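Q: I am attaching a structure below and will ask some questions about it afterwards.
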Amino acid sequence: MARIELDLAHAYRANPKADEDYALLPLQMTFEDGGAYALLGPSGCGKTTMLNIISGLLVPSQGTVRFNGKDVTRQSPQQRNIAQVFQFPVIYDTMTVAQNLAFPLRNRKVPAADIQARVGRIAEMLEMSHQLDMRAAGLSADQKQKISLGRGLVRSDVSAVLFDEPLTVIDPHLKWQLRRKLKQIHQELKLTLIYVTHDQVEALTFAEEVVVMTRGRAVQIGSAEALFERPAHTFVGHFIGSPGMNFLPITSVRGGLMVLGHPLANNRGRALPEGSLKLGIRPEYLTLGQAAEPDTLPATVVRVQDIGTSVMLTCEAGGHRLKCRLTPETTVPAVGEVVSLRVLDRHTCFYHDEVLIT
Ligand SMILES: Nc1ncnc2c1ncn2[C@@H]1O[C@H](COP(=O)(O)OP(=O)(O)OP(=O)(O)O)[C@@H](O)[C@H]1O
């Protein structure tokens, strides 16, 4: 296994000048040995580019890739000792499940007894023990992709296992099980795993650390909790959560804040620079105050949705929409009612130029 360090940038076109010319803007990043990481972001943000640079399928246009301190920038995936699992199954239809799982080990001339033990263990983890003697050709797309996952995980001597959206072809129910399974497998095998996805649930279930990417930039690397509680960039606030964080423009003045024309004195003792900032608060932390309560923002309820476990309010204030997930004990206001939103909570985050300041 390896500690992977990136200090690089990548542009597919020659002579890049503007930020838009880069698929990956200059970045420095370390994937610790034995960690489970997800690269998460919308289509085109640079996830696959980063994964291909780590695997050795792509040489970065600038900078270096190091495995355990050694420069591997120009080495192939084989030389780097990388295992990869792609979106679609890469298996041999004519072989049995066991032969498919054993293939990467046979290639490395692993002794037969060790192959049998390891294949048995991986099949058990993936709940495929009863299928070991079946031909792959007769299996469903889901089962074939499970074999691909197994082939990725079967070697214990790899630097890292890289997954590129591996659950795309999997049926939703099995997908849910496999995400958890992969997490358990990681805890047991302690391999370095890097997993590309655009699905936040998948990333947050599987990874210890999620790298959130947008437009060629890794804007935050953190645990599910950190991404939820303290988004380092407004993009992370928007992208993580369902729905995402609410944002409001504010002006910080000496002695308080102006929020959509309303002076709010209490910024909960946090030191803020003067000038134009943004306030961010998650729907889960936005609560309703009393009409006479100071430091609340008046807003009109425009939508009330019963979403099963809770009620989601959509409110409007000064042309901005805010979502508020009500706790079960809260009296639900009606559409058209004016409510008082406690936008300054201990969970409120403040941003300058889209970057978290406190
Ligand atoms: N071979 C290539 N040649 C030129 N541009 C490319 C190439 N591959 C990717 N790009 C561009 O680089 C940027 C990043 O693409 P990349 O595939 O890494 O993103 P992604 O986050 O993996 O997206 P997706 O989830 O859609 O695969 C995009 O603007 C894409 O159009």
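Numbering starts fresh at 1 for the residues of each chain in the structure tokens, the chains themselves are lettered A, B, ... in the order given, and ligands are numbered from 1 as they appear.
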Taking only region 20-122 of chain A into account, list the residues labelled strand (DSSP E or B) by DSSP (computed from the backbone), as a PyMOL selection string.

A: chain A and resi 24-31+36-40+62-67+70-71+82-85+96

Q: Those same residues, written as a JSON list (two decimals), in the first residue's frame with N, CA and C atoms?

A:
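The result, written out as selection-v1.json:
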[["chain", "number", "residue", "atom", "x", "y", "z"],
["A", 24, "LEU", "N", -7.44, 20.22, -14.15],
["A", 24, "LEU", "CA", -7.09, 20.28, -12.72],
["A", 24, "LEU", "C", -6.21, 21.49, -12.49],
["A", 25, "LEU", "N", -6.66, 22.40, -11.65],
["A", 25, "LEU", "CA", -5.83, 23.57, -11.32],
["A", 25, "LEU", "C", -4.73, 23.13, -10.35],
["A", 26, "PRO", "N", -3.66, 23.91, -10.21],
["A", 26, "PRO", "CA", -2.56, 23.47, -9.35],
["A", 26, "PRO", "C", -3.06, 23.05, -7.97],
["A", 27, "LEU", "N", -2.66, 21.87, -7.54],
["A", 27, "LEU", "CA", -3.12, 21.36, -6.24],
["A", 27, "LEU", "C", -2.03, 20.54, -5.57],
["A", 28, "GLN", "N", -2.11, 20.50, -4.25],
["A", 28, "GLN", "CA", -1.24, 19.64, -3.46],
["A", 28, "GLN", "C", -2.17, 18.82, -2.58],
["A", 29, "MET", "N", -2.00, 17.51, -2.60],
["A", 29, "MET", "CA", -2.93, 16.67, -1.85],
["A", 29, "MET", "C", -2.25, 15.37, -1.44],
["A", 30, "THR", "N", -2.60, 14.87, -0.28],
["A", 30, "THR", "CA", -2.02, 13.60, 0.17],
["A", 30, "THR", "C", -3.14, 12.61, 0.51],
["A", 31, "PHE", "N", -3.02, 11.40, -0.02],
["A", 31, "PHE", "CA", -3.93, 10.31, 0.34],
["A", 31, "PHE", "C", -3.12, 9.40, 1.27],
["A", 36, "ALA", "N", -9.70, 5.49, 3.16],
["A", 36, "ALA", "CA", -10.79, 5.31, 2.19],
["A", 36, "ALA", "C", -11.25, 6.70, 1.78],
["A", 37, "TYR", "N", -11.03, 7.04, 0.52],
["A", 37, "TYR", "CA", -11.32, 8.38, 0.02],
["A", 37, "TYR", "C", -12.37, 8.32, -1.09],
["A", 38, "ALA", "N", -13.16, 9.39, -1.18],
["A", 38, "ALA", "CA", -14.05, 9.55, -2.33],
["A", 38, "ALA", "C", -13.70, 10.86, -3.01],
["A", 39, "LEU", "N", -13.69, 10.87, -4.34],
["A", 39, "LEU", "CA", -13.59, 12.11, -5.11],
["A", 39, "LEU", "C", -15.00, 12.41, -5.57],
["A", 40, "LEU", "N", -15.56, 13.50, -5.08],
["A", 40, "LEU", "CA", -16.98, 13.80, -5.30],
["A", 40, "LEU", "C", -17.13, 15.16, -5.98],
["A", 62, "GLN", "N", 1.81, 19.14, -15.63],
["A", 62, "GLN", "CA", 2.77, 19.79, -14.74],
["A", 62, "GLN", "C", 2.84, 19.01, -13.44],
["A", 63, "GLY", "N", 4.05, 18.94, -12.84],
["A", 63, "GLY", "CA", 4.17, 18.45, -11.47],
["A", 63, "GLY", "C", 4.38, 16.95, -11.35],
["A", 64, "THR", "N", 4.21, 16.47, -10.12],
["A", 64, "THR", "CA", 4.61, 15.08, -9.81],
["A", 64, "THR", "C", 3.56, 14.32, -9.01],
["A", 65, "VAL", "N", 3.67, 12.98, -9.15],
["A", 65, "VAL", "CA", 2.90, 12.04, -8.33],
["A", 65, "VAL", "C", 3.94, 11.23, -7.55],
["A", 66, "ARG", "N", 3.78, 11.13, -6.24],
["A", 66, "ARG", "CA", 4.72, 10.33, -5.44],
["A", 66, "ARG", "C", 3.98, 9.24, -4.70],
["A", 67, "PHE", "N", 4.54, 8.03, -4.74],
["A", 67, "PHE", "CA", 4.03, 6.91, -3.93],
["A", 67, "PHE", "C", 5.08, 6.63, -2.88],
["A", 70, "LYS", "N", 8.38, 8.22, -3.45],
["A", 70, "LYS", "CA", 9.10, 7.97, -4.72],
["A", 70, "LYS", "C", 8.31, 8.57, -5.90],
["A", 71, "ASP", "N", 9.05, 9.25, -6.79],
["A", 71, "ASP", "CA", 8.41, 9.87, -7.95],
["A", 71, "ASP", "C", 7.98, 8.78, -8.95],
["A", 82, "ILE", "N", -1.23, -0.72, -9.25],
["A", 82, "ILE", "CA", -2.57, -0.19, -8.97],
["A", 82, "ILE", "C", -3.63, -1.19, -9.44],
["A", 83, "ALA", "N", -4.68, -1.38, -8.65],
["A", 83, "ALA", "CA", -5.83, -2.16, -9.11],
["A", 83, "ALA", "C", -6.96, -1.19, -9.42],
["A", 84, "GLN", "N", -7.71, -1.46, -10.49],
["A", 84, "GLN", "CA", -8.77, -0.54, -10.87],
["A", 84, "GLN", "C", -10.10, -1.25, -11.12],
["A", 85, "VAL", "N", -11.18, -0.60, -10.72],
["A", 85, "VAL", "CA", -12.52, -1.11, -11.01],
["A", 85, "VAL", "C", -13.25, 0.00, -11.76],
["A", 96, "THR", "N", -15.03, -19.24, -14.67],
["A", 96, "THR", "CA", -15.95, -19.27, -13.53],
["A", 96, "THR", "C", -15.68, -18.04, -12.66]]

Q: Please identify all polymer residues within 6 Å of region 187-194 of chain A, counting only C-alpha atoms, omitting same-chain residues fewer than 2 positions from it, and present them as a PyMOL selection string.

A: chain A and resi 33-38+160-162+184-185

Q: Would you mind listing the residues within 12 Å of ligand 1, counting only C-alpha atoms and all ligand atoms, as number ranges by chain?

A: A: 9-14, 19-25, 39-53, 57-60, 86-87, 163-165, 168, 195-199, 211-218

Q: Convert the current residue selection to file output with N, CA and C atoms, as a short mmCIF file (atom, residue, chain, number, x, y, z; two decimals), in the first residue's frame.

A:
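The new file out24.cif reads:
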data_model
loop_
_atom_site.label_atom_id
_atom_site.label_comp_id
_atom_site.auth_asym_id
_atom_site.auth_seq_id
_atom_site.Cartn_x
_atom_site.Cartn_y
_atom_site.Cartn_z
N ALA A 9 -0.74 19.94 -11.74
CA ALA A 9 -1.89 20.54 -12.44
C ALA A 9 -2.00 19.78 -13.75
N HIS A 10 -3.19 19.83 -14.35
CA HIS A 10 -3.31 19.17 -15.65
C HIS A 10 -4.20 19.97 -16.60
N ALA A 11 -3.66 20.18 -17.83
CA ALA A 11 -4.46 20.77 -18.91
C ALA A 11 -4.37 19.82 -20.08
N TYR A 12 -5.50 19.53 -20.72
CA TYR A 12 -5.48 18.65 -21.90
C TYR A 12 -4.95 19.43 -23.11
N ARG A 13 -5.11 20.78 -23.06
CA ARG A 13 -4.63 21.56 -24.21
C ARG A 13 -3.24 22.12 -23.93
N ALA A 14 -2.50 22.38 -25.02
CA ALA A 14 -1.15 22.93 -24.87
C ALA A 14 -1.25 24.41 -24.48
N ASP A 19 -7.80 29.88 -16.14
CA ASP A 19 -8.22 28.78 -15.26
C ASP A 19 -9.05 27.75 -16.03
N GLU A 20 -9.89 28.24 -16.98
CA GLU A 20 -10.78 27.33 -17.72
C GLU A 20 -10.01 26.36 -18.60
N ASP A 21 -8.75 26.65 -18.88
CA ASP A 21 -7.95 25.76 -19.73
C ASP A 21 -7.47 24.52 -18.98
N TYR A 22 -7.64 24.54 -17.66
CA TYR A 22 -7.14 23.42 -16.84
C TYR A 22 -8.26 22.46 -16.45
N ALA A 23 -8.01 21.16 -16.61
CA ALA A 23 -8.95 20.16 -16.06
C ALA A 23 -8.70 20.03 -14.57
N LEU A 24 -7.44 20.22 -14.15
CA LEU A 24 -7.09 20.28 -12.72
C LEU A 24 -6.21 21.49 -12.49
N LEU A 25 -6.66 22.40 -11.65
CA LEU A 25 -5.83 23.57 -11.32
C LEU A 25 -4.73 23.13 -10.35
N LEU A 39 -13.69 10.87 -4.34
CA LEU A 39 -13.59 12.11 -5.11
C LEU A 39 -15.00 12.41 -5.57
N LEU A 40 -15.56 13.50 -5.08
CA LEU A 40 -16.98 13.80 -5.30
C LEU A 40 -17.13 15.16 -5.98
N GLY A 41 -17.98 15.21 -7.00
CA GLY A 41 -18.23 16.51 -7.64
C GLY A 41 -19.07 16.30 -8.88
N PRO A 42 -19.61 17.39 -9.43
CA PRO A 42 -20.47 17.26 -10.61
C PRO A 42 -19.67 16.86 -11.85
N SER A 43 -20.40 16.52 -12.90
CA SER A 43 -19.78 16.09 -14.14
C SER A 43 -18.82 17.17 -14.66
N GLY A 44 -17.63 16.74 -15.07
CA GLY A 44 -16.67 17.67 -15.66
C GLY A 44 -15.77 18.39 -14.66
N CYS A 45 -15.88 18.06 -13.36
CA CYS A 45 -15.08 18.81 -12.37
C CYS A 45 -13.64 18.33 -12.29
N GLY A 46 -13.33 17.17 -12.89
CA GLY A 46 -11.94 16.72 -12.90
C GLY A 46 -11.67 15.44 -12.12
N LYS A 47 -12.72 14.74 -11.69
CA LYS A 47 -12.54 13.53 -10.87
C LYS A 47 -11.78 12.45 -11.63
N THR A 48 -12.26 12.15 -12.85
CA THR A 48 -11.64 11.07 -13.61
C THR A 48 -10.22 11.44 -14.00
N THR A 49 -10.01 12.72 -14.30
CA THR A 49 -8.65 13.18 -14.62
C THR A 49 -7.73 12.89 -13.43
N MET A 50 -8.19 13.22 -12.23
CA MET A 50 -7.35 12.98 -11.05
C MET A 50 -7.11 11.49 -10.85
N LEU A 51 -8.16 10.69 -11.03
CA LEU A 51 -8.02 9.24 -10.83
C LEU A 51 -7.03 8.65 -11.84
N ASN A 52 -7.13 9.10 -13.10
CA ASN A 52 -6.24 8.58 -14.13
C ASN A 52 -4.79 9.01 -13.91
N ILE A 53 -4.61 10.17 -13.29
CA ILE A 53 -3.24 10.61 -12.96
C ILE A 53 -2.69 9.75 -11.82
N LEU A 57 -2.62 6.16 -15.89
CA LEU A 57 -3.17 6.15 -17.26
C LEU A 57 -2.91 7.50 -17.93
N LEU A 58 -2.68 8.53 -17.12
CA LEU A 58 -2.48 9.88 -17.65
C LEU A 58 -1.28 10.52 -16.93
N VAL A 59 -0.41 11.17 -17.72
CA VAL A 59 0.73 11.89 -17.12
C VAL A 59 0.30 13.36 -16.97
N PRO A 60 0.43 13.93 -15.76
CA PRO A 60 -0.01 15.33 -15.60
C PRO A 60 0.85 16.26 -16.44
N PHE A 86 -13.80 -0.35 -12.92
CA PHE A 86 -14.44 0.66 -13.77
C PHE A 86 -15.97 0.58 -13.64
N GLN A 87 -16.66 1.48 -14.38
CA GLN A 87 -18.13 1.53 -14.32
C GLN A 87 -18.78 0.23 -14.76
N PHE A 163 -11.55 3.14 -7.85
CA PHE A 163 -12.90 2.79 -8.33
C PHE A 163 -13.44 3.99 -9.09
N ASP A 164 -13.87 3.80 -10.34
CA ASP A 164 -14.48 4.89 -11.11
C ASP A 164 -15.97 4.62 -11.26
N GLU A 165 -16.77 5.25 -10.40
CA GLU A 165 -18.24 5.06 -10.41
C GLU A 165 -18.61 3.58 -10.54
N THR A 168 -22.55 2.16 -10.89
CA THR A 168 -23.48 2.72 -11.89
C THR A 168 -24.45 1.67 -12.42
N TYR A 195 -12.26 6.39 -4.57
CA TYR A 195 -13.54 6.06 -5.17
C TYR A 195 -14.14 7.31 -5.80
N VAL A 196 -14.34 7.30 -7.12
CA VAL A 196 -14.92 8.46 -7.81
C VAL A 196 -16.43 8.32 -7.91
N THR A 197 -17.14 9.36 -7.55
CA THR A 197 -18.60 9.34 -7.71
C THR A 197 -19.14 10.78 -7.79
N HIS A 198 -20.33 10.92 -8.40
CA HIS A 198 -20.96 12.24 -8.35
C HIS A 198 -22.15 12.19 -7.38
N ASP A 199 -22.28 11.04 -6.67
CA ASP A 199 -23.41 10.82 -5.77
C ASP A 199 -22.95 11.03 -4.33
N VAL A 211 -13.16 14.17 -0.92
CA VAL A 211 -12.54 15.31 -1.61
C VAL A 211 -13.65 15.91 -2.49
N VAL A 212 -14.11 17.12 -2.14
CA VAL A 212 -15.18 17.74 -2.93
C VAL A 212 -14.54 18.61 -4.01
N MET A 213 -14.93 18.35 -5.26
CA MET A 213 -14.30 19.05 -6.39
C MET A 213 -15.31 19.85 -7.18
N THR A 214 -14.85 21.00 -7.68
CA THR A 214 -15.65 21.77 -8.63
C THR A 214 -14.71 22.49 -9.57
N ARG A 215 -14.99 22.44 -10.85
CA ARG A 215 -14.22 23.15 -11.88
C ARG A 215 -12.71 23.03 -11.73
N GLY A 216 -12.25 21.81 -11.60
CA GLY A 216 -10.81 21.56 -11.55
C GLY A 216 -10.15 21.88 -10.23
N ARG A 217 -10.95 22.15 -9.20
CA ARG A 217 -10.40 22.53 -7.91
C ARG A 217 -10.92 21.59 -6.84
N ALA A 218 -10.04 21.17 -5.92
CA ALA A 218 -10.51 20.41 -4.76
C ALA A 218 -10.79 21.44 -3.68
#

Q: Per residue of region 232-282 of chain A within 10 Å of region 312-331 of chain A, record the nearest atom pair and its distance in Å to one decimal, counting only C-alpha atoms, with rows in chain order and ascending residue number, as CSV.

A:
residue,atom,partner,partner_atom,distance
A:Pro243,CA,A:Lys323,CA,7.7
A:Gly244,CA,A:Lys323,CA,8.7
A:Met245,CA,A:Lys323,CA,8.3
A:Asn246,CA,A:Leu322,CA,5.7
A:Phe247,CA,A:Leu322,CA,7.8
A:Leu248,CA,A:His320,CA,7.3
A:Pro249,CA,A:His320,CA,9.3
A:Val259,CA,A:Gly318,CA,9.5
A:Leu260,CA,A:Gly318,CA,6.1
A:Gly261,CA,A:Gly318,CA,8.5
A:Ile281,CA,A:Leu322,CA,9.2
A:Arg282,CA,A:Cys324,CA,7.8

Q: Measuring between only C-alpha atoms, which one of A:Lys17, A:Asn81, A:Gln143, A:Leu153 shows the shortest distance to Arg121 (chain A)?

A: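 Comparing A:Lys17, A:Asn81, A:Gln143, A:Leu153 against Arg121 (chain A), the winner is A:Leu153.
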
Q: Which distance in Å separates CA of Gly152 (chain A) and CA of Phe239 (chain A), to one decimal?

A: 29.3 Å

Q: Ranking A:Leu279, A:Leu344, A:Ile91, A:Val158 by minimum distance to Met1 (chain A) and counting only C-alpha atoms, which one comes first?

A: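 Counting only C-alpha atoms, the residue closest to Met1 (chain A) is A:Val158.
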
Q: Could you give me, as a VMD selection string, the residues within 9 Å of Glu229 (chain A), counting only C-alpha atoms and dropping anything in the same chain fewer than 5 positions from it?

A: chain A and resid 224 237 282 347 to 349

Q: Would you give me, as a PDB file with N, CA and C atoms, in the first residue's frame, the residues in region 68-134 of chain A that DSSP reads as alpha helix (DSSP H)?

A:
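And here is the file that came out, part.pdb:
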ATOM      1  N   PRO A  77       0.339   2.012 -14.797  1.00  0.00           N
ATOM      2  CA  PRO A  77      -0.432   1.430 -13.683  1.00  0.00           C
ATOM      3  C   PRO A  77       0.205   0.136 -13.161  1.00  0.00           C
ATOM      4  N   GLN A  78       0.748  -0.692 -14.066  1.00  0.00           N
ATOM      5  CA  GLN A  78       1.380  -1.958 -13.646  1.00  0.00           C
ATOM      6  C   GLN A  78       2.594  -1.666 -12.775  1.00  0.00           C
ATOM      7  N   GLN A  79       3.432  -0.723 -13.227  1.00  0.00           N
ATOM      8  CA  GLN A  79       4.631  -0.394 -12.439  1.00  0.00           C
ATOM      9  C   GLN A  79       4.252   0.191 -11.082  1.00  0.00           C
ATOM     10  N   ARG A  80       3.153   0.935 -11.042  1.00  0.00           N
ATOM     11  CA  ARG A  80       2.718   1.534  -9.768  1.00  0.00           C
ATOM     12  C   ARG A  80       1.996   0.522  -8.888  1.00  0.00           C
ATOM     13  N   VAL A  97     -16.544 -17.848 -11.679  1.00  0.00           N
ATOM     14  CA  VAL A  97     -16.369 -16.728 -10.743  1.00  0.00           C
ATOM     15  C   VAL A  97     -15.012 -16.876 -10.046  1.00  0.00           C
ATOM     16  N   ALA A  98     -14.709 -18.092  -9.580  1.00  0.00           N
ATOM     17  CA  ALA A  98     -13.444 -18.319  -8.864  1.00  0.00           C
ATOM     18  C   ALA A  98     -12.242 -18.014  -9.754  1.00  0.00           C
ATOM     19  N   GLN A  99     -12.312 -18.466 -11.012  1.00  0.00           N
ATOM     20  CA  GLN A  99     -11.174 -18.225 -11.922  1.00  0.00           C
ATOM     21  C   GLN A  99     -11.001 -16.723 -12.196  1.00  0.00           C
ATOM     22  N   ASN A 100     -12.126 -16.032 -12.326  1.00  0.00           N
ATOM     23  CA  ASN A 100     -12.053 -14.577 -12.523  1.00  0.00           C
ATOM     24  C   ASN A 100     -11.400 -13.897 -11.326  1.00  0.00           C
ATOM     25  N   LEU A 101     -11.828 -14.292 -10.127  1.00  0.00           N
ATOM     26  CA  LEU A 101     -11.275 -13.662  -8.924  1.00  0.00           C
ATOM     27  C   LEU A 101      -9.786 -13.981  -8.772  1.00  0.00           C
ATOM     28  N   ALA A 102      -9.423 -15.194  -9.197  1.00  0.00           N
ATOM     29  CA  ALA A 102      -8.033 -15.639  -9.027  1.00  0.00           C
ATOM     30  C   ALA A 102      -7.093 -15.004 -10.053  1.00  0.00           C
ATOM     31  N   PHE A 103      -7.671 -14.495 -11.150  1.00  0.00           N
ATOM     32  CA  PHE A 103      -6.853 -14.063 -12.287  1.00  0.00           C
ATOM     33  C   PHE A 103      -5.724 -13.076 -11.911  1.00  0.00           C
ATOM     34  N   PRO A 104      -6.026 -11.984 -11.197  1.00  0.00           N
ATOM     35  CA  PRO A 104      -4.940 -11.040 -10.864  1.00  0.00           C
ATOM     36  C   PRO A 104      -3.847 -11.686 -10.005  1.00  0.00           C
ATOM     37  N   LEU A 105      -4.210 -12.710  -9.230  1.00  0.00           N
ATOM     38  CA  LEU A 105      -3.220 -13.376  -8.366  1.00  0.00           C
ATOM     39  C   LEU A 105      -2.370 -14.339  -9.194  1.00  0.00           C
ATOM     40  N   ARG A 106      -3.027 -15.088 -10.118  1.00  0.00           N
ATOM     41  CA  ARG A 106      -2.295 -16.007 -11.005  1.00  0.00           C
ATOM     42  C   ARG A 106      -1.260 -15.237 -11.802  1.00  0.00           C
ATOM     43  N   ASN A 107      -1.695 -14.061 -12.301  1.00  0.00           N
ATOM     44  CA  ASN A 107      -0.796 -13.208 -13.083  1.00  0.00           C
ATOM     45  C   ASN A 107       0.464 -12.837 -12.319  1.00  0.00           C
ATOM     46  N   ALA A 112      -0.634 -21.380  -5.246  1.00  0.00           N
ATOM     47  CA  ALA A 112      -2.020 -21.840  -5.389  1.00  0.00           C
ATOM     48  C   ALA A 112      -2.791 -21.829  -4.067  1.00  0.00           C
ATOM     49  N   ALA A 113      -2.157 -22.258  -2.986  1.00  0.00           N
ATOM     50  CA  ALA A 113      -2.875 -22.323  -1.702  1.00  0.00           C
ATOM     51  C   ALA A 113      -3.282 -20.919  -1.247  1.00  0.00           C
ATOM     52  N   ASP A 114      -2.381 -19.938  -1.479  1.00  0.00           N
ATOM     53  CA  ASP A 114      -2.695 -18.558  -1.081  1.00  0.00           C
ATOM     54  C   ASP A 114      -3.826 -17.998  -1.942  1.00  0.00           C
ATOM     55  N   ILE A 115      -3.796 -18.380  -3.243  1.00  0.00           N
ATOM     56  CA  ILE A 115      -4.862 -17.910  -4.150  1.00  0.00           C
ATOM     57  C   ILE A 115      -6.205 -18.427  -3.651  1.00  0.00           C
ATOM     58  N   GLN A 116      -6.226 -19.711  -3.328  1.00  0.00           N
ATOM     59  CA  GLN A 116      -7.499 -20.311  -2.901  1.00  0.00           C
ATOM     60  C   GLN A 116      -8.028 -19.628  -1.638  1.00  0.00           C
ATOM     61  N   ALA A 117      -7.111 -19.363  -0.702  1.00  0.00           N
ATOM     62  CA  ALA A 117      -7.532 -18.745   0.560  1.00  0.00           C
ATOM     63  C   ALA A 117      -8.058 -17.331   0.319  1.00  0.00           C
ATOM     64  N   ARG A 118      -7.332 -16.573  -0.498  1.00  0.00           N
ATOM     65  CA  ARG A 118      -7.724 -15.181  -0.716  1.00  0.00           C
ATOM     66  C   ARG A 118      -9.030 -15.098  -1.515  1.00  0.00           C
ATOM     67  N   VAL A 119      -9.159 -15.921  -2.541  1.00  0.00           N
ATOM     68  CA  VAL A 119     -10.383 -15.926  -3.351  1.00  0.00           C
ATOM     69  C   VAL A 119     -11.571 -16.304  -2.449  1.00  0.00           C
ATOM     70  N   GLY A 120     -11.364 -17.286  -1.588  1.00  0.00           N
ATOM     71  CA  GLY A 120     -12.421 -17.714  -0.661  1.00  0.00           C
ATOM     72  C   GLY A 120     -12.847 -16.566   0.239  1.00  0.00           C
ATOM     73  N   ARG A 121     -11.852 -15.823   0.721  1.00  0.00           N
ATOM     74  CA  ARG A 121     -12.150 -14.725   1.646  1.00  0.00           C
ATOM     75  C   ARG A 121     -12.910 -13.593   0.958  1.00  0.00           C
ATOM     76  N   ILE A 122     -12.449 -13.224  -0.238  1.00  0.00           N
ATOM     77  CA  ILE A 122     -13.101 -12.124  -0.972  1.00  0.00           C
ATOM     78  C   ILE A 122     -14.530 -12.534  -1.366  1.00  0.00           C
ATOM     79  N   ALA A 123     -14.686 -13.796  -1.809  1.00  0.00           N
ATOM     80  CA  ALA A 123     -16.024 -14.269  -2.210  1.00  0.00           C
ATOM     81  C   ALA A 123     -16.968 -14.228  -1.008  1.00  0.00           C
ATOM     82  N   GLU A 124     -16.429 -14.599   0.158  1.00  0.00           N
ATOM     83  CA  GLU A 124     -17.258 -14.587   1.367  1.00  0.00           C
ATOM     84  C   GLU A 124     -17.687 -13.150   1.702  1.00  0.00           C
ATOM     85  N   MET A 125     -16.714 -12.227   1.617  1.00  0.00           N
ATOM     86  CA  MET A 125     -17.024 -10.822   1.922  1.00  0.00           C
ATOM     87  C   MET A 125     -18.094 -10.270   0.986  1.00  0.00           C
TER      88      MET A 125
END

Q: Quick one: residues within 8 Å of Gly222 (chain A), only C-alpha atoms counted, chain neighbours fewer than 6 positions away excluded, as JSON, numbers by chain?

A: {"A": [208, 209, 210, 211]}

Q: Work out how far apart CA of Leu149 (chain A) and CA of Ile221 (chain A) are and give it in Å to one decimal.

A: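 Taking CA of Leu149 (chain A) and CA of Ile221 (chain A), their separation equals 25.0 Å.
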
Q: Write out as a PDB file with C-alpha atoms, in the first residue's frame each polymer residue whose atoms come within 9 Å of Arg342 (chain A), counting only C-alpha atoms; drop sequence neighbours fewer than 2 positions from it.

A:
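The file below, part07.pdb, is the result:
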ATOM      1  CA  TYR A 285     -30.422  24.355  11.820  1.00  0.00           C
ATOM      2  CA  LEU A 286     -32.747  27.142  10.698  1.00  0.00           C
ATOM      3  CA  THR A 287     -35.454  27.501  13.380  1.00  0.00           C
ATOM      4  CA  LEU A 288     -38.490  29.707  13.904  1.00  0.00           C
ATOM      5  CA  GLY A 289     -38.426  32.403  16.601  1.00  0.00           C
ATOM      6  CA  ASP A 295     -32.086  39.078  15.926  1.00  0.00           C
ATOM      7  CA  THR A 296     -34.524  37.194  13.739  1.00  0.00           C
ATOM      8  CA  LEU A 297     -35.230  37.784  10.070  1.00  0.00           C
ATOM      9  CA  SER A 340     -39.179  35.007  12.215  1.00  0.00           C
ATOM     10  CA  LEU A 344     -27.772  33.521  13.529  1.00  0.00           C
ATOM     11  CA  ASP A 345     -27.372  30.155  15.182  1.00  0.00           C
TER      12      ASP A 345
END

Q: Find the distance between CA of Pro273 (chain A) and CA of Ala226 (chain A) and write it in Å to one decimal.

A: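 Separation between CA of Pro273 (chain A) and CA of Ala226 (chain A): 23.3 Å.
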